[in-house]
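File shown here: target_13.pdb, holding PDB, C-alpha atoms and all ligand atoms.
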```pdb
ATOM      1  CA  MET A  28      -4.195  18.359   1.515
ATOM      2  CA  PRO A  29      -3.415  18.723   5.199
ATOM      3  CA  GLY A  30      -0.417  16.724   6.310
ATOM      4  CA  ARG A  31       1.387  15.925   9.511
ATOM      5  CA  PRO A  32       3.848  13.296  10.665
ATOM      6  CA  CYS A  33       2.759  10.021  12.230
ATOM      7  CA  LYS A  34       2.832  10.244  16.022
ATOM      8  CA  ALA A  35       4.259   6.742  16.263
ATOM      9  CA  CYS A  36       6.961   6.616  13.573
ATOM     10  CA  GLY A  37       7.291  10.166  12.191
ATOM     11  CA  ALA A  38       6.455   9.282   8.576
ATOM     12  CA  PRO A  39       4.855  12.094   6.555
ATOM     13  CA  LEU A  40       1.137  11.466   6.308
ATOM     14  CA  LEU A  41      -1.753  12.916   4.401
ATOM     15  CA  PHE A  42      -5.270  12.957   5.788
ATOM     16  CA  VAL A  43      -7.891  12.826   3.080
ATOM     17  CA  LYS A  44     -11.593  12.058   3.029
ATOM     18  CA  THR A  45     -12.926   8.985   1.314
ATOM     19  CA  GLU A  46     -15.990   9.275  -0.888
ATOM     20  CA  LYS A  47     -17.939   8.071   2.150
ATOM     21  CA  GLY A  48     -16.628  10.955   4.238
ATOM     22  CA  LYS A  49     -14.299   8.917   6.426
ATOM     23  CA  THR A  50     -10.739  10.034   7.014
ATOM     24  CA  GLN A  51      -8.115   7.956   5.245
ATOM     25  CA  VAL A  52      -4.594   8.161   6.612
ATOM     26  CA  ILE A  53      -2.145   7.680   3.773
ATOM     27  CA  ASP A  54       1.625   7.437   3.724
ATOM     28  CA  GLU A  55       3.011  10.199   1.519
ATOM     29  CA  THR A  56       6.257   8.287   0.930
ATOM     30  CA  THR A  57       4.371   5.493  -0.864
ATOM     31  CA  ARG A  58       3.150   7.771  -3.666
ATOM     32  CA  GLU A  59       3.508   6.061  -7.007
ATOM     33  CA  LYS A  60       2.102   6.819 -10.454
ATOM     34  CA  ARG A  61      -0.088   3.963 -11.587
ATOM     35  CA  ILE A  62      -2.581   3.397 -14.317
ATOM     36  CA  VAL A  63      -6.116   3.077 -13.022
ATOM     37  CA  VAL A  64      -8.647   1.719 -15.500
ATOM     38  CA  ILE A  65     -12.155   3.067 -15.012
ATOM     39  CA  ASP A  66     -14.832   1.814 -17.389
ATOM     40  CA  GLY A  67     -12.187   0.749 -19.895
ATOM     41  CA  VAL A  68     -10.405   4.121 -19.856
ATOM     42  CA  ALA A  69      -6.856   4.377 -18.499
ATOM     43  CA  HIS A  70      -6.130   7.181 -16.056
ATOM     44  CA  VAL A  71      -2.608   7.854 -14.782
ATOM     45  CA  MET A  72      -2.974   8.613 -11.099
ATOM     46  CA  ASP A  73      -0.934   9.040  -7.961
ATOM     47  CA  THR A  74      -1.593   6.086  -5.691
ATOM     48  CA  TYR A  75      -0.694   5.586  -2.049
ATOM     49  CA  LEU A  76      -0.796   2.926   0.615
ATOM     50  CA  SER A  77      -2.734   3.303   3.812
ATOM     51  CA  HIS A  78      -0.420   4.170   6.675
ATOM     52  CA  TYR A  79      -2.175   1.519   8.755
ATOM     53  CA  ALA A  80      -0.512  -0.946   6.389
ATOM     54  CA  THR A  81       2.935   0.690   6.292
ATOM     55  CA  CYS A  82       3.473   1.990   9.838
ATOM     56  CA  PRO A  83       6.147  -0.077  11.611
ATOM     57  CA  ARG A  84       4.309   0.660  14.840
ATOM     58  CA  ALA A  85       0.807  -0.008  13.546
ATOM     59  CA  ALA A  86       0.044  -2.521  16.295
ATOM     60  CA  GLU A  87       0.556   0.157  18.881
ATOM     61  CA  PHE A  88      -1.509   2.551  16.788
ATOM     62  CA  ARG A  89      -4.426   0.145  16.708
ATOM     63  CA  ARG A  90      -4.233  -0.439  20.430
ATOM     64  CA  ASN A  91      -4.598   3.298  21.021
ATOM     65  CA  ARG A  92      -7.516   3.692  18.672
ATOM     66  CA  GLY A  93     -10.678   4.747  20.387
ATOM     67  CA  LYS A  94      -8.837   6.448  23.213
ATOM     68  CA  GLN A  95      -8.746  10.198  22.913
ATOM     69  CA  LYS A  96      -5.920  10.773  25.384
ATOM     70  CA  GLU A  97      -2.316  11.135  24.293
TER
HETATM   71 ZN    ZN A 101       3.523   5.526  11.579
END
```
Represent the structure of the file as structure tokens.
Ligand SMILES: [Zn+2]
Amino acid sequence: MPGRPCKACGAPLLFVKTEKGKTQVIDETTREKRIVVIDGVAHVMDTYLSHYATCPRAAEFRRNRGKQKE
């Protein structure tokens, strides 16, 4: 998975595609093994939080969304 630090806070991020083809920005530091139950079968998986939820500067991030300039 391609990774690079957040431009706002420097946290290590992973950029992965969702099943709908959108890019999901996830915070690598939030990785945690959890049990995901799919159709009654338990799967142990790595789970993450979206970096939009964990970034201390998310407000600023959102404000810049849509603009292409740095
Ligand atoms: Zn951040």
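One distance worth recording is that between CA of Phe42 (chain A) and CA of Val63 (chain A), which is 21.3 Å.
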Would you tabulate, counting all atoms listed in the file, all residues of chain A that have an atom at most 12 Å from an atom of ligand ZN 101 (chain A), showing the closest pair of atoms and their distance in Å to one decimal, sorted by chain then ascending number, as a tab-separated table?
```
residue	atom	partner	partner_atom	distance
A:Arg31	CA	A:ZN101	ZN	10.8
A:Pro32	CA	A:ZN101	ZN	7.8
A:Cys33	CA	A:ZN101	ZN	4.6
A:Lys34	CA	A:ZN101	ZN	6.5
A:Ala35	CA	A:ZN101	ZN	4.9
A:Cys36	CA	A:ZN101	ZN	4.1
A:Gly37	CA	A:ZN101	ZN	6.0
A:Ala38	CA	A:ZN101	ZN	5.6
A:Pro39	CA	A:ZN101	ZN	8.4
A:Leu40	CA	A:ZN101	ZN	8.3
A:Leu41	CA	A:ZN101	ZN	11.6
A:Val52	CA	A:ZN101	ZN	9.9
A:Ile53	CA	A:ZN101	ZN	9.9
A:Asp54	CA	A:ZN101	ZN	8.3
A:Glu55	CA	A:ZN101	ZN	11.1
A:Thr56	CA	A:ZN101	ZN	11.3
A:Ser77	CA	A:ZN101	ZN	10.2
A:His78	CA	A:ZN101	ZN	6.4
A:Tyr79	CA	A:ZN101	ZN	7.5
A:Ala80	CA	A:ZN101	ZN	9.2
A:Thr81	CA	A:ZN101	ZN	7.2
A:Cys82	CA	A:ZN101	ZN	3.9
A:Pro83	CA	A:ZN101	ZN	6.2
A:Arg84	CA	A:ZN101	ZN	5.9
A:Ala85	CA	A:ZN101	ZN	6.5
A:Ala86	CA	A:ZN101	ZN	10.0
A:Glu87	CA	A:ZN101	ZN	9.5
A:Phe88	CA	A:ZN101	ZN	7.8
A:Arg89	CA	A:ZN101	ZN	10.9
```
Q: Within 10 Å of region 58-61 of chain A, counting all atoms listed in the file, which residues show up once you throw out same-chain ones fewer than 4 positions away? Write them as number ranges by chain, please.
A: A: 53-54, 69-76
